[in-house]
$ cat data-v7.txt   # compact mmCIF, N, CA and C atoms
# COMPACT_ATOMS: atom_id res chain seq x y z
N MET U 107 -12.26 11.18 1.84
CA MET U 107 -11.60 10.80 3.08
C MET U 107 -11.04 9.38 2.94
N ALA U 108 -9.88 9.18 3.47
CA ALA U 108 -9.20 7.89 3.39
C ALA U 108 -9.79 6.90 4.40
N ASN U 109 -9.72 5.62 4.06
CA ASN U 109 -10.19 4.57 4.96
C ASN U 109 -9.11 4.17 5.97
N ILE U 110 -7.86 4.38 5.63
CA ILE U 110 -6.79 4.07 6.57
C ILE U 110 -6.86 5.10 7.70
N SER U 111 -6.77 4.62 8.91
CA SER U 111 -6.94 5.47 10.08
C SER U 111 -5.85 6.54 10.22
N ARG U 112 -6.29 7.78 10.33
CA ARG U 112 -5.34 8.87 10.58
C ARG U 112 -4.67 8.68 11.93
N GLU U 113 -5.42 8.14 12.88
CA GLU U 113 -4.86 7.92 14.22
C GLU U 113 -3.72 6.91 14.18
N GLU U 114 -3.86 5.87 13.36
CA GLU U 114 -2.78 4.88 13.24
C GLU U 114 -1.55 5.50 12.58
N ILE U 115 -1.77 6.36 11.61
CA ILE U 115 -0.64 7.05 10.97
C ILE U 115 0.06 7.94 11.98
N LYS U 116 -0.71 8.65 12.78
CA LYS U 116 -0.12 9.50 13.82
C LYS U 116 0.71 8.68 14.80
N LYS U 117 0.18 7.51 15.20
CA LYS U 117 0.92 6.63 16.11
C LYS U 117 2.21 6.14 15.46
N LEU U 118 2.13 5.77 14.21
CA LEU U 118 3.31 5.28 13.50
C LEU U 118 4.40 6.33 13.48
N ILE U 119 4.04 7.55 13.10
CA ILE U 119 5.01 8.64 13.03
C ILE U 119 5.59 8.92 14.43
N LYS U 120 4.72 8.94 15.42
CA LYS U 120 5.15 9.22 16.79
C LYS U 120 6.09 8.13 17.30
N ASN U 121 5.71 6.86 17.11
CA ASN U 121 6.50 5.74 17.64
C ASN U 121 7.82 5.54 16.89
N LYS U 122 7.80 5.68 15.59
CA LYS U 122 9.01 5.40 14.80
C LYS U 122 9.96 6.58 14.72
N PHE U 123 9.41 7.79 14.72
CA PHE U 123 10.24 8.97 14.46
C PHE U 123 10.19 10.02 15.56
N LYS U 124 9.42 9.76 16.60
CA LYS U 124 9.29 10.71 17.72
C LYS U 124 8.90 12.10 17.23
N ALA U 125 8.00 12.12 16.25
CA ALA U 125 7.53 13.39 15.68
C ALA U 125 6.01 13.39 15.64
N ASN U 126 5.45 14.56 15.48
CA ASN U 126 4.01 14.72 15.34
C ASN U 126 3.68 15.02 13.89
N ILE U 127 2.44 14.74 13.51
CA ILE U 127 1.96 15.03 12.17
C ILE U 127 0.59 15.69 12.30
N THR U 128 0.31 16.64 11.45
CA THR U 128 -0.98 17.34 11.50
C THR U 128 -2.08 16.42 10.97
N GLU U 129 -3.32 16.81 11.26
CA GLU U 129 -4.49 16.07 10.73
C GLU U 129 -4.44 16.01 9.20
N SER U 130 -4.14 17.14 8.59
CA SER U 130 -4.11 17.17 7.12
C SER U 130 -2.95 16.35 6.58
N GLY U 131 -1.83 16.34 7.30
CA GLY U 131 -0.70 15.52 6.89
C GLY U 131 -1.03 14.04 6.98
N ALA U 132 -1.68 13.65 8.07
CA ALA U 132 -2.09 12.25 8.25
C ALA U 132 -3.11 11.85 7.19
N GLU U 133 -4.02 12.74 6.86
CA GLU U 133 -5.02 12.46 5.82
C GLU U 133 -4.35 12.28 4.46
N GLU U 134 -3.41 13.14 4.14
CA GLU U 134 -2.69 13.04 2.86
C GLU U 134 -1.91 11.74 2.77
N MET U 135 -1.25 11.38 3.87
CA MET U 135 -0.48 10.13 3.88
C MET U 135 -1.42 8.94 3.72
N ALA U 136 -2.57 8.96 4.38
CA ALA U 136 -3.55 7.88 4.26
C ALA U 136 -4.01 7.74 2.81
N CYS U 137 -4.27 8.84 2.16
CA CYS U 137 -4.70 8.81 0.75
C CYS U 137 -3.60 8.23 -0.14
N MET U 138 -2.37 8.63 0.11
CA MET U 138 -1.25 8.13 -0.69
C MET U 138 -1.06 6.63 -0.46
N LEU U 139 -1.15 6.19 0.79
CA LEU U 139 -1.00 4.76 1.09
C LEU U 139 -2.11 3.94 0.44
N GLU U 140 -3.33 4.46 0.46
CA GLU U 140 -4.44 3.76 -0.18
C GLU U 140 -4.24 3.65 -1.68
N GLU U 141 -3.73 4.70 -2.30
CA GLU U 141 -3.48 4.67 -3.74
C GLU U 141 -2.41 3.63 -4.07
N GLU U 142 -1.36 3.59 -3.28
CA GLU U 142 -0.31 2.58 -3.52
C GLU U 142 -0.84 1.17 -3.27
N ALA U 143 -1.66 1.00 -2.24
CA ALA U 143 -2.27 -0.30 -1.97
C ALA U 143 -3.16 -0.73 -3.14
N ARG U 144 -3.85 0.23 -3.76
CA ARG U 144 -4.69 -0.07 -4.92
C ARG U 144 -3.82 -0.58 -6.07
N ARG U 145 -2.69 0.09 -6.32
CA ARG U 145 -1.78 -0.35 -7.40
C ARG U 145 -1.24 -1.75 -7.14
N ILE U 146 -0.82 -1.99 -5.92
CA ILE U 146 -0.29 -3.31 -5.57
C ILE U 146 -1.38 -4.36 -5.74
N SER U 147 -2.57 -4.06 -5.29
CA SER U 147 -3.68 -5.00 -5.40
C SER U 147 -4.00 -5.32 -6.85
N GLU U 148 -4.06 -4.31 -7.68
CA GLU U 148 -4.34 -4.54 -9.10
C GLU U 148 -3.28 -5.45 -9.72
N PHE U 149 -2.01 -5.17 -9.43
CA PHE U 149 -0.93 -5.99 -9.96
C PHE U 149 -1.06 -7.43 -9.45
N ALA U 150 -1.28 -7.59 -8.15
CA ALA U 150 -1.34 -8.92 -7.54
C ALA U 150 -2.51 -9.74 -8.10
N VAL U 151 -3.66 -9.10 -8.30
CA VAL U 151 -4.82 -9.81 -8.86
C VAL U 151 -4.52 -10.24 -10.29
N ARG U 152 -3.92 -9.36 -11.09
CA ARG U 152 -3.55 -9.74 -12.47
C ARG U 152 -2.53 -10.88 -12.46
N ASN U 153 -1.56 -10.80 -11.55
CA ASN U 153 -0.54 -11.84 -11.45
C ASN U 153 -1.17 -13.19 -11.10
N ALA U 154 -2.08 -13.20 -10.15
CA ALA U 154 -2.77 -14.43 -9.76
C ALA U 154 -3.59 -14.97 -10.92
N ALA U 155 -4.28 -14.09 -11.64
CA ALA U 155 -5.10 -14.52 -12.77
C ALA U 155 -4.25 -15.14 -13.88
N ARG U 156 -3.06 -14.58 -14.11
CA ARG U 156 -2.16 -15.16 -15.11
C ARG U 156 -1.79 -16.59 -14.76
N GLU U 157 -1.74 -16.88 -13.48
CA GLU U 157 -1.41 -18.23 -13.02
C GLU U 157 -2.67 -19.04 -12.73
N LYS U 158 -3.81 -18.53 -13.23
CA LYS U 158 -5.11 -19.20 -13.12
C LYS U 158 -5.51 -19.49 -11.67
N ARG U 159 -5.27 -18.50 -10.82
CA ARG U 159 -5.68 -18.58 -9.42
C ARG U 159 -6.63 -17.45 -9.12
N SER U 160 -7.58 -17.70 -8.20
CA SER U 160 -8.49 -16.64 -7.79
C SER U 160 -8.04 -16.00 -6.48
N LYS U 161 -7.04 -16.59 -5.83
CA LYS U 161 -6.51 -16.03 -4.58
C LYS U 161 -5.16 -15.38 -4.83
N VAL U 162 -4.99 -14.23 -4.22
CA VAL U 162 -3.71 -13.52 -4.27
C VAL U 162 -2.82 -14.10 -3.16
N THR U 163 -1.58 -14.37 -3.49
CA THR U 163 -0.64 -14.92 -2.51
C THR U 163 0.43 -13.90 -2.15
N LYS U 164 1.19 -14.25 -1.16
CA LYS U 164 2.33 -13.42 -0.75
C LYS U 164 3.28 -13.21 -1.93
N LYS U 165 3.47 -14.25 -2.74
CA LYS U 165 4.36 -14.17 -3.91
C LYS U 165 3.88 -13.11 -4.90
N ASP U 166 2.57 -13.02 -5.10
CA ASP U 166 2.02 -12.01 -6.03
C ASP U 166 2.39 -10.61 -5.56
N ILE U 167 2.34 -10.39 -4.27
CA ILE U 167 2.67 -9.08 -3.72
C ILE U 167 4.18 -8.85 -3.78
N SER U 168 4.96 -9.88 -3.46
CA SER U 168 6.42 -9.77 -3.53
C SER U 168 6.88 -9.50 -4.96
N ASP U 169 6.20 -10.09 -5.94
CA ASP U 169 6.54 -9.85 -7.34
C ASP U 169 6.40 -8.37 -7.70
N TYR U 170 5.41 -7.70 -7.12
CA TYR U 170 5.25 -6.26 -7.36
C TYR U 170 6.48 -5.52 -6.87
N LYS U 171 6.91 -5.86 -5.68
CA LYS U 171 8.07 -5.19 -5.08
C LYS U 171 9.33 -5.45 -5.91
N LEU U 172 9.49 -6.68 -6.39
CA LEU U 172 10.67 -7.05 -7.17
C LEU U 172 10.69 -6.35 -8.52
N LYS U 173 9.54 -6.22 -9.16
CA LYS U 173 9.48 -5.62 -10.49
C LYS U 173 9.55 -4.11 -10.45
N GLY U 174 9.18 -3.53 -9.34
CA GLY U 174 9.20 -2.07 -9.21
C GLY U 174 7.94 -1.46 -9.80
N GLU U 175 7.66 -0.27 -9.40
CA GLU U 175 6.41 0.40 -9.77
C GLU U 175 6.28 0.58 -11.28
N THR U 176 7.33 0.95 -11.96
CA THR U 176 7.21 1.24 -13.40
C THR U 176 6.94 -0.02 -14.19
N ASP U 177 7.53 -1.15 -13.80
CA ASP U 177 7.29 -2.40 -14.51
C ASP U 177 5.95 -3.02 -14.13
N ALA U 178 5.43 -2.69 -12.97
CA ALA U 178 4.23 -3.33 -12.45
C ALA U 178 2.95 -2.79 -13.07
N LYS U 179 3.01 -1.64 -13.71
CA LYS U 179 1.79 -1.02 -14.24
C LYS U 179 1.31 -1.71 -15.48

$ encode --input "data-v7.txt" --output "structure tokens"
Amino acid sequence: MANISREEIKKLIKNKFKANITESGAEEMACMLEEEARRISEFAVRNAAREKRSKVTKKDISDYKLKGETDAK
């Protein structure tokens, strides 16, 4: 089970797209978002460590977005 709230995903879909999503759809999306957050976190922590920092900054996360998923792995 995902830690990201299915209820928040349902609200997001409803508010942004005026659509409904099933429980299983919300669960799947939560799992996918958590997996992507894990990848971003791993990249950001490595990026901070390369710069000899123990804290992840906004720049570390932005660098992931700039490099793209294939380069970030």

$ residues_around --input "data-v7.txt" --residues "segment 124-135 of chain U" --least-positions-apart "5" --cutoff "8 Å" --atoms "all atoms listed in the file" --output "mmCIF file with N, CA and C atoms, in the coordinates of the input"
data_model
loop_
_atom_site.group_PDB
_atom_site.id
_atom_site.type_symbol
_atom_site.label_atom_id
_atom_site.label_comp_id
_atom_site.auth_asym_id
_atom_site.auth_seq_id
_atom_site.Cartn_x
_atom_site.Cartn_y
_atom_site.Cartn_z
ATOM 1 N N MET U 107 -12.260 11.180 1.840
ATOM 2 C CA MET U 107 -11.600 10.800 3.080
ATOM 3 C C MET U 107 -11.040 9.380 2.940
ATOM 4 N N ALA U 108 -9.880 9.180 3.470
ATOM 5 C CA ALA U 108 -9.200 7.890 3.390
ATOM 6 C C ALA U 108 -9.790 6.900 4.400
ATOM 7 N N ILE U 110 -7.860 4.380 5.630
ATOM 8 C CA ILE U 110 -6.790 4.070 6.570
ATOM 9 C C ILE U 110 -6.860 5.100 7.700
ATOM 10 N N SER U 111 -6.770 4.620 8.910
ATOM 11 C CA SER U 111 -6.940 5.470 10.080
ATOM 12 C C SER U 111 -5.850 6.540 10.220
ATOM 13 N N ARG U 112 -6.290 7.780 10.330
ATOM 14 C CA ARG U 112 -5.340 8.870 10.580
ATOM 15 C C ARG U 112 -4.670 8.680 11.930
ATOM 16 N N GLU U 113 -5.420 8.140 12.880
ATOM 17 C CA GLU U 113 -4.860 7.920 14.220
ATOM 18 C C GLU U 113 -3.720 6.910 14.180
ATOM 19 N N ILE U 115 -1.770 6.360 11.610
ATOM 20 C CA ILE U 115 -0.640 7.050 10.970
ATOM 21 C C ILE U 115 0.060 7.940 11.980
ATOM 22 N N LYS U 116 -0.710 8.650 12.780
ATOM 23 C CA LYS U 116 -0.120 9.500 13.820
ATOM 24 C C LYS U 116 0.710 8.680 14.800
ATOM 25 N N LYS U 117 0.180 7.510 15.200
ATOM 26 C CA LYS U 117 0.920 6.630 16.110
ATOM 27 C C LYS U 117 2.210 6.140 15.460
ATOM 28 N N LEU U 118 2.130 5.770 14.210
ATOM 29 C CA LEU U 118 3.310 5.280 13.500
ATOM 30 C C LEU U 118 4.400 6.330 13.480
ATOM 31 N N ILE U 119 4.040 7.550 13.100
ATOM 32 C CA ILE U 119 5.010 8.640 13.030
ATOM 33 C C ILE U 119 5.590 8.920 14.430
ATOM 34 N N GLU U 140 -3.330 4.460 0.460
ATOM 35 C CA GLU U 140 -4.440 3.760 -0.180
ATOM 36 C C GLU U 140 -4.240 3.650 -1.680
ATOM 37 N N GLU U 141 -3.730 4.700 -2.300
ATOM 38 C CA GLU U 141 -3.480 4.670 -3.740
ATOM 39 C C GLU U 141 -2.410 3.630 -4.070
#

$ atom_distance --input "data-v7.txt" --atom1 "atom C of Glu157 of chain U" --atom2 "atom N of Leu139 of chain U"
28.7 Å

$ select_by_dssp --input "data-v7.txt" --residues "chain U" --states "helix (DSSP H, G or I)" --output "JSON, numbers by chain"
{"U": [112, 113, 114, 115, 116, 117, 118, 119, 120, 121, 122, 123, 129, 130, 131, 132, 133, 134, 135, 136, 137, 138, 139, 140, 141, 142, 143, 144, 145, 146, 147, 148, 149, 150, 151, 152, 153, 154, 155, 156, 164, 165, 166, 167, 168, 169, 170, 171, 172, 173, 174, 175, 176, 177, 178]}

$ closest_residue --input "data-v7.txt" --among "U:Tyr170, U:Lys165, U:Lys158, U:Lys122" --to "Ile146 of chain U" --atoms "all atoms listed in the file"
U:Tyr170

$ closest_residue --input "data-v7.txt" --among "U:Lys171, U:Asp166, U:Ala136, U:Glu114" --to "Ala154 of chain U" --atoms "only C-alpha atoms"
U:Asp166

$ atom_distance --input "data-v7.txt" --atom1 "atom CA of Cys137 of chain U" --atom2 "atom N of Asn109 of chain U"
6.8 Å
